[in-house]
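Have a look at protein.cif; it's mmCIF, C-alpha atoms:
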data_work
#
loop_
_atom_site.group_PDB
_atom_site.id
_atom_site.type_symbol
_atom_site.label_atom_id
_atom_site.label_comp_id
_atom_site.auth_asym_id
_atom_site.auth_seq_id
_atom_site.Cartn_x
_atom_site.Cartn_y
_atom_site.Cartn_z
ATOM 1 C CA MET A 294 25.900 10.552 -23.332
ATOM 2 C CA GLN A 295 25.328 11.327 -19.651
ATOM 3 C CA SER A 296 23.306 8.629 -17.873
ATOM 4 C CA ARG A 297 19.977 9.558 -16.360
ATOM 5 C CA LYS A 298 20.117 10.009 -12.594
ATOM 6 C CA GLN A 299 18.429 7.132 -10.795
ATOM 7 C CA GLU A 300 15.159 7.981 -9.111
ATOM 8 C CA GLN A 301 14.765 7.449 -5.381
ATOM 9 C CA LEU A 302 12.017 6.081 -3.175
ATOM 10 C CA TYR A 303 11.993 7.327 0.397
ATOM 11 C CA MET A 304 10.092 4.785 2.445
ATOM 12 C CA SER A 305 9.781 2.793 5.639
ATOM 13 C CA LEU A 306 9.902 -0.989 5.661
ATOM 14 C CA THR A 307 6.494 -1.275 7.337
ATOM 15 C CA SER A 308 4.475 1.271 5.347
ATOM 16 C CA PRO A 309 1.758 -0.397 3.234
ATOM 17 C CA TYR A 310 1.652 2.707 1.036
ATOM 18 C CA ALA A 311 5.388 2.435 0.349
ATOM 19 C CA ARG A 312 4.958 -1.255 -0.411
ATOM 20 C CA LYS A 313 2.341 -0.319 -3.022
ATOM 21 C CA VAL A 314 4.906 1.867 -4.751
ATOM 22 C CA ARG A 315 7.684 -0.724 -4.486
ATOM 23 C CA ILE A 316 5.521 -3.445 -6.026
ATOM 24 C CA THR A 317 4.399 -1.084 -8.777
ATOM 25 C CA ALA A 318 7.955 -0.023 -9.628
ATOM 26 C CA ILE A 319 9.119 -3.643 -9.726
ATOM 27 C CA GLU A 320 6.185 -4.753 -11.887
ATOM 28 C CA LYS A 321 6.718 -1.800 -14.234
ATOM 29 C CA GLN A 322 10.497 -2.402 -14.235
ATOM 30 C CA VAL A 323 11.287 1.178 -13.233
ATOM 31 C CA PRO A 324 14.712 1.204 -11.512
ATOM 32 C CA PHE A 325 14.988 3.119 -8.257
ATOM 33 C CA GLU A 326 17.193 3.566 -5.222
ATOM 34 C CA MET A 327 15.497 2.640 -1.952
ATOM 35 C CA VAL A 328 16.113 5.107 0.899
ATOM 36 C CA VAL A 329 14.776 3.872 4.234
ATOM 37 C CA GLU A 330 13.410 6.607 6.499
ATOM 38 C CA VAL A 331 11.239 6.420 9.636
ATOM 39 C CA PRO A 332 8.987 9.513 9.786
ATOM 40 C CA TRP A 333 8.440 9.010 13.533
ATOM 41 C CA ASN A 334 12.155 9.573 14.254
ATOM 42 C CA GLU A 335 13.297 13.018 15.346
ATOM 43 C CA ASP A 336 16.184 13.006 12.875
ATOM 44 C CA THR A 337 14.058 12.116 9.856
ATOM 45 C CA ILE A 338 14.620 14.105 6.673
ATOM 46 C CA ILE A 339 11.149 13.371 5.337
ATOM 47 C CA THR A 340 9.767 16.746 6.427
ATOM 48 C CA ASN A 341 12.408 18.370 4.217
ATOM 49 C CA ILE A 342 11.037 16.719 1.083
ATOM 50 C CA ASN A 343 7.367 16.216 1.987
ATOM 51 C CA PRO A 344 5.740 18.996 4.031
ATOM 52 C CA LEU A 345 3.242 16.442 5.352
ATOM 53 C CA GLY A 346 6.059 14.384 6.865
ATOM 54 C CA LYS A 347 4.836 11.114 5.363
ATOM 55 C CA VAL A 348 6.230 8.298 3.252
ATOM 56 C CA PRO A 349 6.437 7.248 0.525
ATOM 57 C CA VAL A 350 8.146 10.034 -1.380
ATOM 58 C CA TRP A 351 9.432 9.500 -4.937
ATOM 59 C CA MET A 352 12.289 11.794 -5.930
ATOM 60 C CA LEU A 353 12.576 12.605 -9.616
ATOM 61 C CA PRO A 354 15.943 13.247 -11.305
ATOM 62 C CA ASN A 355 15.149 16.973 -11.439
ATOM 63 C CA GLY A 356 14.737 17.111 -7.650
ATOM 64 C CA LYS A 357 10.933 17.242 -7.686
ATOM 65 C CA ALA A 358 9.355 15.137 -4.935
ATOM 66 C CA LEU A 359 6.165 13.190 -5.644
ATOM 67 C CA PHE A 360 3.707 12.166 -2.915
ATOM 68 C CA ASP A 361 1.379 10.399 -1.975
ATOM 69 C CA SER A 362 1.362 6.767 -3.174
ATOM 70 C CA ARG A 363 -1.532 7.254 -5.615
ATOM 71 C CA VAL A 364 0.260 10.128 -7.350
ATOM 72 C CA ILE A 365 3.514 8.152 -7.503
ATOM 73 C CA ILE A 366 1.754 5.113 -8.935
ATOM 74 C CA GLU A 367 0.039 7.172 -11.620
ATOM 75 C CA TYR A 368 3.452 8.508 -12.591
ATOM 76 C CA LEU A 369 5.039 5.030 -12.675
ATOM 77 C CA ASP A 370 2.173 3.591 -14.703
ATOM 78 C CA GLU A 371 2.657 6.266 -17.360
ATOM 79 C CA VAL A 372 6.458 6.445 -17.438
ATOM 80 C CA SER A 373 6.810 2.718 -18.211
ATOM 81 C CA GLU A 374 4.917 0.938 -20.985
ATOM 82 C CA ILE A 375 5.342 -2.450 -19.293
ATOM 83 C CA GLY A 376 1.947 -3.650 -18.137
ATOM 84 C CA GLN A 377 -0.953 -1.351 -17.337
ATOM 85 C CA LEU A 378 -1.972 -1.227 -13.694
ATOM 86 C CA VAL A 379 -4.600 1.490 -14.069
ATOM 87 C CA PRO A 380 -6.938 1.058 -17.066
ATOM 88 C CA LYS A 381 -7.077 3.841 -19.627
ATOM 89 C CA GLU A 382 -10.794 3.409 -20.218
ATOM 90 C CA LEU A 383 -12.866 5.631 -17.895
ATOM 91 C CA PHE A 384 -15.175 3.108 -16.258
ATOM 92 C CA GLY A 385 -12.428 0.516 -15.875
ATOM 93 C CA ARG A 386 -10.154 3.117 -14.303
ATOM 94 C CA ILE A 387 -12.856 4.265 -11.892
ATOM 95 C CA GLU A 388 -13.681 0.680 -10.909
ATOM 96 C CA VAL A 389 -10.041 -0.188 -10.207
ATOM 97 C CA LYS A 390 -9.421 3.034 -8.295
ATOM 98 C CA ARG A 391 -12.558 2.422 -6.258
ATOM 99 C CA TRP A 392 -11.071 -0.876 -5.041
ATOM 100 C CA GLU A 393 -7.778 0.891 -4.428
ATOM 101 C CA ALA A 394 -9.547 3.532 -2.341
ATOM 102 C CA LEU A 395 -11.319 0.857 -0.307
ATOM 103 C CA ALA A 396 -8.037 -0.943 0.374
ATOM 104 C CA GLU A 397 -6.388 2.334 1.341
ATOM 105 C CA GLY A 398 -9.257 3.044 3.726
ATOM 106 C CA VAL A 399 -8.481 -0.271 5.412
ATOM 107 C CA MET A 400 -4.814 0.777 5.634
ATOM 108 C CA ASP A 401 -5.806 4.150 7.085
ATOM 109 C CA ALA A 402 -7.913 2.535 9.804
ATOM 110 C CA ALA A 403 -5.130 0.080 10.632
ATOM 111 C CA LEU A 404 -2.606 2.889 10.969
ATOM 112 C CA VAL A 405 -4.959 4.849 13.234
ATOM 113 C CA ILE A 406 -5.221 1.842 15.558
ATOM 114 C CA PHE A 407 -1.475 1.305 15.537
ATOM 115 C CA ALA A 408 -0.787 4.970 16.327
ATOM 116 C CA GLU A 409 -3.396 5.003 19.116
ATOM 117 C CA ARG A 410 -1.847 1.963 20.747
ATOM 118 C CA LYS A 411 1.789 2.913 20.194
ATOM 119 C CA LYS A 412 1.734 6.617 20.984
ATOM 120 C CA ARG A 413 -0.794 6.828 23.829
ATOM 121 C CA PRO A 414 -0.434 5.348 27.327
ATOM 122 C CA LEU A 415 -2.825 2.440 27.856
ATOM 123 C CA GLU A 416 -5.017 4.427 30.244
ATOM 124 C CA LEU A 417 -5.547 7.146 27.624
ATOM 125 C CA GLN A 418 -6.366 4.883 24.700
ATOM 126 C CA TYR A 419 -9.918 5.311 23.425
ATOM 127 C CA ALA A 420 -11.416 1.825 23.172
ATOM 128 C CA ASP A 421 -14.532 2.956 21.280
ATOM 129 C CA TRP A 422 -12.384 4.742 18.714
ATOM 130 C CA ILE A 423 -10.245 1.641 18.220
ATOM 131 C CA ALA A 424 -13.373 -0.501 17.852
ATOM 132 C CA ARG A 425 -14.715 1.921 15.254
ATOM 133 C CA GLN A 426 -11.536 1.541 13.200
ATOM 134 C CA PHE A 427 -11.702 -2.255 13.431
ATOM 135 C CA GLY A 428 -15.259 -1.975 12.126
ATOM 136 C CA LYS A 429 -13.969 -0.143 9.066
ATOM 137 C CA ILE A 430 -11.333 -2.822 8.519
ATOM 138 C CA HIS A 431 -13.802 -5.693 8.690
ATOM 139 C CA ARG A 432 -16.438 -4.016 6.520
ATOM 140 C CA GLY A 433 -13.769 -3.097 3.987
ATOM 141 C CA LEU A 434 -12.312 -6.589 3.858
ATOM 142 C CA LYS A 435 -15.741 -8.194 3.570
ATOM 143 C CA THR A 436 -16.622 -5.958 0.638
ATOM 144 C CA LEU A 437 -13.294 -6.622 -1.056
ATOM 145 C CA SER A 438 -13.778 -10.350 -0.523
ATOM 146 C CA ASP A 439 -17.356 -10.355 -1.830
ATOM 147 C CA GLU A 440 -16.464 -8.315 -4.913
ATOM 148 C CA LEU A 441 -13.454 -10.469 -5.812
ATOM 149 C CA GLY A 442 -15.501 -13.656 -5.540
ATOM 150 C CA ASP A 443 -13.995 -16.544 -7.484
ATOM 151 C CA ARG A 444 -11.965 -14.408 -9.876
ATOM 152 C CA GLU A 445 -8.185 -14.581 -10.040
ATOM 153 C CA PHE A 446 -7.763 -10.790 -10.248
ATOM 154 C CA TYR A 447 -10.081 -7.856 -9.608
ATOM 155 C CA TYR A 448 -10.037 -6.478 -13.156
ATOM 156 C CA GLU A 449 -10.247 -8.371 -16.455
ATOM 157 C CA GLY A 450 -8.115 -11.327 -15.388
ATOM 158 C CA ARG A 451 -4.918 -9.331 -14.986
ATOM 159 C CA LEU A 452 -2.936 -7.601 -12.282
ATOM 160 C CA SER A 453 -4.052 -4.066 -11.490
ATOM 161 C CA ILE A 454 -3.437 -1.528 -8.753
ATOM 162 C CA ALA A 455 -6.535 -2.932 -7.031
ATOM 163 C CA ASP A 456 -4.779 -6.259 -6.392
ATOM 164 C CA ILE A 457 -1.615 -4.499 -5.262
ATOM 165 C CA ALA A 458 -3.469 -2.220 -2.835
ATOM 166 C CA VAL A 459 -5.499 -5.073 -1.348
ATOM 167 C CA ALA A 460 -2.376 -7.199 -0.849
ATOM 168 C CA CYS A 461 -0.587 -4.312 0.873
ATOM 169 C CA ALA A 462 -3.528 -3.771 3.231
ATOM 170 C CA LEU A 463 -3.599 -7.477 4.092
ATOM 171 C CA GLY A 464 0.151 -7.625 4.634
ATOM 172 C CA TYR A 465 0.013 -4.688 7.032
ATOM 173 C CA ILE A 466 -2.896 -6.145 8.994
ATOM 174 C CA GLY A 467 -0.995 -9.406 9.333
ATOM 175 C CA LEU A 468 2.021 -7.486 10.620
ATOM 176 C CA ARG A 469 0.174 -5.449 13.231
ATOM 177 C CA PHE A 470 -2.935 -7.305 14.356
ATOM 178 C CA GLU A 471 -2.301 -11.040 14.509
ATOM 179 C CA ASP A 472 -3.233 -10.949 18.218
ATOM 180 C CA ASP A 473 -6.604 -9.332 17.396
ATOM 181 C CA PHE A 474 -7.788 -11.568 14.583
ATOM 182 C CA VAL A 475 -6.423 -13.846 11.882
ATOM 183 C CA TRP A 476 -7.624 -12.332 8.641
ATOM 184 C CA GLN A 477 -6.807 -15.485 6.660
ATOM 185 C CA GLN A 478 -9.409 -17.417 8.663
ATOM 186 C CA ASP A 479 -12.056 -14.696 8.482
ATOM 187 C CA TYR A 480 -11.567 -13.936 4.773
ATOM 188 C CA PRO A 481 -10.476 -17.120 2.963
ATOM 189 C CA VAL A 482 -11.163 -15.626 -0.485
ATOM 190 C CA LEU A 483 -8.668 -12.851 0.230
ATOM 191 C CA ALA A 484 -6.253 -15.351 1.761
ATOM 192 C CA ALA A 485 -6.244 -17.383 -1.460
ATOM 193 C CA HIS A 486 -5.792 -14.197 -3.499
ATOM 194 C CA TYR A 487 -2.875 -13.073 -1.335
ATOM 195 C CA GLU A 488 -1.237 -16.496 -1.625
ATOM 196 C CA ARG A 489 -1.458 -16.309 -5.429
ATOM 197 C CA LEU A 490 0.032 -12.834 -5.495
ATOM 198 C CA MET A 491 2.856 -13.883 -3.187
ATOM 199 C CA GLN A 492 4.108 -16.166 -5.956
ATOM 200 C CA ARG A 493 5.278 -13.010 -7.721
ATOM 201 C CA SER A 494 8.702 -11.736 -6.653
ATOM 202 C CA SER A 495 7.420 -8.151 -6.430
ATOM 203 C CA PHE A 496 5.086 -9.172 -3.601
ATOM 204 C CA LYS A 497 7.336 -11.752 -1.954
ATOM 205 C CA ASP A 498 10.346 -9.439 -1.805
ATOM 206 C CA THR A 499 8.430 -6.511 -0.264
ATOM 207 C CA VAL A 500 6.783 -8.203 2.734
ATOM 208 C CA PRO A 501 6.687 -5.619 5.563
ATOM 209 C CA ILE A 502 9.169 -6.191 8.382
ATOM 210 C CA VAL A 503 9.607 -4.568 11.758
#
What's the structure tokens form of this structure?
Amino acid sequence: MQSRKQEQLYMSLTSPYARKVRITAIEKQVPFEMVVEVPWNEDTIITNINPLGKVPVWMLPNGKALFDSRVIIEYLDEVSEIGQLVPKELFGRIEVKRWEALAEGVMDAALVIFAERKKRPLELQYADWIARQFGKIHRGLKTLSDELGDREFYYEGRLSIADIAVACALGYIGLRFEDDFVWQQDYPVLAAHYERLMQRSSFKDTVPIV
């Protein structure tokens, strides 16, 4: 019998969205080949497989490319019966995806700041715009902290995509903004949550690196 072609994940090592997918695939025990691509580079092939020119992209054995991270994660959660990261029940699913959306909004704001600082000369950077994005980050993290409270996980005492998304947002902030603020000091509840999650190999082995 012919073996099934291994699926591929096109990703960068710093992308919090790609880290979400990597953690999910590891937790769900879905094997994949990791293909590192930097969408900013002129020679990137990402635009050939994702018209939006963004990572992550998950390549199926039939050549179909899946994007963005939320679509890929829904696929991974269904294709493997190991664990259940997105609840089947409607209100549980909506609650978990609401936390995921909030964490992704924090990621979005962080990426906007990074792009503004990296791609624009200092004299052209819009300080008010950067401050607005930092406001989103802090409001998002405060809400995520308040809603986690003293629980071990966001949903029913078990790992869900909410925990994964929050951890990926925190990891990216730590990578990019340690000179701006130390999130562990400002949000100790999230710091404790992140430390617990980092005991899992899926989180520890996917820490973003420059």
Contacts of Ala358 (chain A) within 8 Å, only C-alpha atoms, excl. fewer than 6 positions in-chain, as a count of residues only: 5
query: If I put a ball of radius 8 Å at (12.5, 8.3, 4.2) in the file's coordinates, which residues poke into it when counting all atoms listed in the file, written as a list in words?
result: Leu302, Tyr303, Met304, Ser305, Val328, Val329, Glu330, Val331, Pro332, Thr337, Ile338, Ile339, Val348, Pro349 and Val350 of chain A
Restrict the calculation to all atoms listed in the file, then for each residue of region 356-394 of chain A with any atom at most 9 Å from an atom of region 454-461 of chain A give the closest atom pair and their distance in Å to one decimal, rows by chain and rising residue number, as CSV.
residue,atom,partner,partner_atom,distance
A:Ile366,CA,A:Ile454,CA,8.4
A:Gln377,CA,A:Ile454,CA,8.9
A:Leu378,CA,A:Ile454,CA,5.2
A:Val379,CA,A:Ile454,CA,6.2
A:Glu388,CA,A:Ala455,CA,8.9
A:Val389,CA,A:Ala455,CA,5.5
A:Lys390,CA,A:Ala455,CA,6.7
A:Arg391,CA,A:Ala455,CA,8.1
A:Trp392,CA,A:Ala455,CA,5.4
A:Glu393,CA,A:Ala455,CA,4.8
A:Ala394,CA,A:Ala458,CA,8.4
message: Could you check which residues have any atom within 9 Å of (-0.7, -4.4, 3.0), counting all atoms listed in the file with coordinates taken straight from the file, and then list them as a PyMOL selection string?
response: chain A and resi 307-310+312-313+396-397+400+457-468+500-501
File dump, residues just selected, C-alpha atoms, as an mmCIF file, in the coordinates of the input:
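Result went into out-v5.cif, see below:
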data_model
loop_
_atom_site.group_PDB
_atom_site.id
_atom_site.type_symbol
_atom_site.label_atom_id
_atom_site.label_comp_id
_atom_site.auth_asym_id
_atom_site.auth_seq_id
_atom_site.Cartn_x
_atom_site.Cartn_y
_atom_site.Cartn_z
ATOM 1 C CA THR A 307 6.494 -1.275 7.337
ATOM 2 C CA SER A 308 4.475 1.271 5.347
ATOM 3 C CA PRO A 309 1.758 -0.397 3.234
ATOM 4 C CA TYR A 310 1.652 2.707 1.036
ATOM 5 C CA ARG A 312 4.958 -1.255 -0.411
ATOM 6 C CA LYS A 313 2.341 -0.319 -3.022
ATOM 7 C CA ALA A 396 -8.037 -0.943 0.374
ATOM 8 C CA GLU A 397 -6.388 2.334 1.341
ATOM 9 C CA MET A 400 -4.814 0.777 5.634
ATOM 10 C CA ILE A 457 -1.615 -4.499 -5.262
ATOM 11 C CA ALA A 458 -3.469 -2.220 -2.835
ATOM 12 C CA VAL A 459 -5.499 -5.073 -1.348
ATOM 13 C CA ALA A 460 -2.376 -7.199 -0.849
ATOM 14 C CA CYS A 461 -0.587 -4.312 0.873
ATOM 15 C CA ALA A 462 -3.528 -3.771 3.231
ATOM 16 C CA LEU A 463 -3.599 -7.477 4.092
ATOM 17 C CA GLY A 464 0.151 -7.625 4.634
ATOM 18 C CA TYR A 465 0.013 -4.688 7.032
ATOM 19 C CA ILE A 466 -2.896 -6.145 8.994
ATOM 20 C CA GLY A 467 -0.995 -9.406 9.333
ATOM 21 C CA LEU A 468 2.021 -7.486 10.620
ATOM 22 C CA VAL A 500 6.783 -8.203 2.734
ATOM 23 C CA PRO A 501 6.687 -5.619 5.563
#
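Our summary of the geometry notes that CA of Tyr448 (chain A) is positioned 23.5 Å from CA of Asp498 (chain A).
Distance-wise, CA of Val482 (chain A) and CA of Gly442 (chain A) end up 6.9 Å apart.
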Residues at most 9 Å from region 404-413 of chain A, counting only C-alpha atoms, excluding those fewer than 6 positions away in the same chain, as a short mmCIF file (atom, residue, chain, number, x, y, z; two decimals) with C-alpha atoms, keeping the file's coordinate frame?
data_model
loop_
_atom_site.label_atom_id
_atom_site.label_comp_id
_atom_site.auth_asym_id
_atom_site.auth_seq_id
_atom_site.Cartn_x
_atom_site.Cartn_y
_atom_site.Cartn_z
CA TYR A 419 -9.92 5.31 23.42
CA TRP A 422 -12.38 4.74 18.71
CA ILE A 423 -10.24 1.64 18.22
CA ALA A 424 -13.37 -0.50 17.85
CA GLN A 426 -11.54 1.54 13.20
CA PHE A 427 -11.70 -2.26 13.43
CA TYR A 465 0.01 -4.69 7.03
CA ARG A 469 0.17 -5.45 13.23
CA PHE A 470 -2.94 -7.30 14.36
#
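With CA of Ala485 (chain A) on one side and CA of Ser453 (chain A) on the other, the separation reads 16.8 Å.
Among A:Ile316, A:Glu374, A:Ser438, A:Val323, the residue with the shortest atom-to-atom distance to Leu490 (chain A), counting all atoms listed in the file, is A:Ile316.
Proximity of A:Glu445, A:Glu488, A:Glu300, A:Asp472 to Ile365 (chain A), computed with all atoms listed in the file, is greatest for A:Glu300.
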- line: Restricting to only C-alpha atoms, whichever of A:Gln478, A:Ser495, A:Gln418, A:Gln299 is closest to Asn355 (chain A) is A:Gln299
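Distance check against Ile375 (chain A) using all atoms listed in the file: of A:Glu449, A:Asp443, A:Glu320, A:Asp473, the minimum falls on A:Glu320.
Each of A:Val314, A:Thr436, A:Leu383, A:His431 was compared to Arg363 (chain A) using all atoms listed in the file, and A:Val314 turns out to be the nearest.
Using only C-alpha atoms for every distance, the candidate list A:Met491, A:Leu483, A:Ile319, A:Ile502 yields A:Leu483 as the residue closest to Glu440 (chain A).
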message: Translate the PyMOL selection byres ((chain A and resi 369) around 9) into a concrete residue list for this structure, as an NGL selection string.
response: :A and (314 or 317-318 or 321 or 323 or 364-368 or 370-373)
Just-selected residues, C-alpha atoms written as a short mmCIF file (atom, residue, chain, number, x, y, z; two decimals), in the coordinates of the input:
data_model
loop_
_atom_site.label_atom_id
_atom_site.label_comp_id
_atom_site.auth_asym_id
_atom_site.auth_seq_id
_atom_site.Cartn_x
_atom_site.Cartn_y
_atom_site.Cartn_z
CA VAL A 314 4.91 1.87 -4.75
CA THR A 317 4.40 -1.08 -8.78
CA ALA A 318 7.96 -0.02 -9.63
CA LYS A 321 6.72 -1.80 -14.23
CA VAL A 323 11.29 1.18 -13.23
CA VAL A 364 0.26 10.13 -7.35
CA ILE A 365 3.51 8.15 -7.50
CA ILE A 366 1.75 5.11 -8.94
CA GLU A 367 0.04 7.17 -11.62
CA TYR A 368 3.45 8.51 -12.59
CA ASP A 370 2.17 3.59 -14.70
CA GLU A 371 2.66 6.27 -17.36
CA VAL A 372 6.46 6.44 -17.44
CA SER A 373 6.81 2.72 -18.21
#
Could region 392-468 of chain A be written out with C-alpha atoms, as an mmCIF file, in the first residue's frame, please?
data_model
loop_
_atom_site.group_PDB
_atom_site.id
_atom_site.type_symbol
_atom_site.label_atom_id
_atom_site.label_comp_id
_atom_site.auth_asym_id
_atom_site.auth_seq_id
_atom_site.Cartn_x
_atom_site.Cartn_y
_atom_site.Cartn_z
ATOM 1 C CA TRP A 392 -10.854 34.008 23.614
ATOM 2 C CA GLU A 393 -8.942 32.913 20.534
ATOM 3 C CA ALA A 394 -10.142 35.993 18.654
ATOM 4 C CA LEU A 395 -9.098 38.254 21.524
ATOM 5 C CA ALA A 396 -5.627 36.698 21.620
ATOM 6 C CA GLU A 397 -5.321 37.037 17.854
ATOM 7 C CA GLY A 398 -6.303 40.696 18.129
ATOM 8 C CA VAL A 399 -3.383 41.146 20.518
ATOM 9 C CA MET A 400 -1.120 39.417 17.972
ATOM 10 C CA ASP A 401 -2.446 41.650 15.192
ATOM 11 C CA ALA A 402 -1.704 44.811 17.166
ATOM 12 C CA ALA A 403 1.778 43.560 18.041
ATOM 13 C CA LEU A 404 2.545 42.825 14.401
ATOM 14 C CA VAL A 405 1.325 46.279 13.356
ATOM 15 C CA ILE A 406 3.740 47.877 15.831
ATOM 16 C CA PHE A 407 6.601 45.674 14.697
ATOM 17 C CA ALA A 408 5.963 46.466 11.023
ATOM 18 C CA GLU A 409 5.683 50.208 11.735
ATOM 19 C CA ARG A 410 8.999 50.219 13.554
ATOM 20 C CA LYS A 411 10.845 47.863 11.215
ATOM 21 C CA LYS A 412 9.665 49.079 7.827
ATOM 22 C CA ARG A 413 9.399 52.847 8.336
ATOM 23 C CA PRO A 414 12.262 55.274 9.019
ATOM 24 C CA LEU A 415 12.119 56.624 12.571
ATOM 25 C CA GLU A 416 11.070 60.091 11.415
ATOM 26 C CA LEU A 417 8.053 58.655 9.580
ATOM 27 C CA GLN A 418 6.793 56.405 12.354
ATOM 28 C CA TYR A 419 3.384 57.428 13.680
ATOM 29 C CA ALA A 420 3.678 57.555 17.469
ATOM 30 C CA ASP A 421 -0.073 57.934 18.065
ATOM 31 C CA TRP A 422 -0.772 54.900 15.899
ATOM 32 C CA ILE A 423 1.786 52.840 17.810
ATOM 33 C CA ALA A 424 0.290 53.987 21.119
ATOM 34 C CA ARG A 425 -3.161 52.982 19.896
ATOM 35 C CA GLN A 426 -1.916 49.467 19.147
ATOM 36 C CA PHE A 427 -0.276 49.193 22.572
ATOM 37 C CA GLY A 428 -3.643 50.173 24.036
ATOM 38 C CA LYS A 429 -5.246 47.225 22.268
ATOM 39 C CA ILE A 430 -2.548 44.905 23.594
ATOM 40 C CA HIS A 431 -2.963 46.012 27.196
ATOM 41 C CA ARG A 432 -6.766 45.976 27.136
ATOM 42 C CA GLY A 433 -6.708 42.547 25.514
ATOM 43 C CA LEU A 434 -4.257 41.112 28.018
ATOM 44 C CA LYS A 435 -6.150 42.571 30.967
ATOM 45 C CA THR A 436 -9.386 41.008 29.758
ATOM 46 C CA LEU A 437 -7.711 37.661 29.147
ATOM 47 C CA SER A 438 -6.154 37.821 32.607
ATOM 48 C CA ASP A 439 -9.413 38.769 34.334
ATOM 49 C CA GLU A 440 -11.399 36.058 32.556
ATOM 50 C CA LEU A 441 -8.861 33.318 33.302
ATOM 51 C CA GLY A 442 -8.786 34.224 36.988
ATOM 52 C CA ASP A 443 -7.584 31.372 39.182
ATOM 53 C CA ARG A 444 -8.418 28.597 36.732
ATOM 54 C CA GLU A 445 -5.771 26.311 35.279
ATOM 55 C CA PHE A 446 -7.214 26.459 31.745
ATOM 56 C CA TYR A 447 -9.745 28.713 30.041
ATOM 57 C CA TYR A 448 -12.308 26.004 29.281
ATOM 58 C CA GLU A 449 -13.507 23.160 31.514
ATOM 59 C CA GLY A 450 -10.135 22.397 33.083
ATOM 60 C CA ARG A 451 -8.508 21.217 29.869
ATOM 61 C CA LEU A 452 -6.324 22.556 27.099
ATOM 62 C CA SER A 453 -8.179 24.345 24.320
ATOM 63 C CA ILE A 454 -7.286 26.598 21.414
ATOM 64 C CA ALA A 455 -7.897 29.537 23.765
ATOM 65 C CA ASP A 456 -4.873 28.582 25.887
ATOM 66 C CA ILE A 457 -2.757 27.979 22.797
ATOM 67 C CA ALA A 458 -3.670 31.330 21.230
ATOM 68 C CA VAL A 459 -3.040 33.265 24.444
ATOM 69 C CA ALA A 460 0.355 31.602 24.925
ATOM 70 C CA CYS A 461 1.353 32.420 21.342
ATOM 71 C CA ALA A 462 0.378 36.072 21.803
ATOM 72 C CA LEU A 463 2.402 36.270 25.020
ATOM 73 C CA GLY A 464 5.417 34.581 23.460
ATOM 74 C CA TYR A 465 5.416 37.039 20.571
ATOM 75 C CA ILE A 466 5.095 40.059 22.854
ATOM 76 C CA GLY A 467 8.025 38.788 24.895
ATOM 77 C CA LEU A 468 10.056 38.419 21.705
#
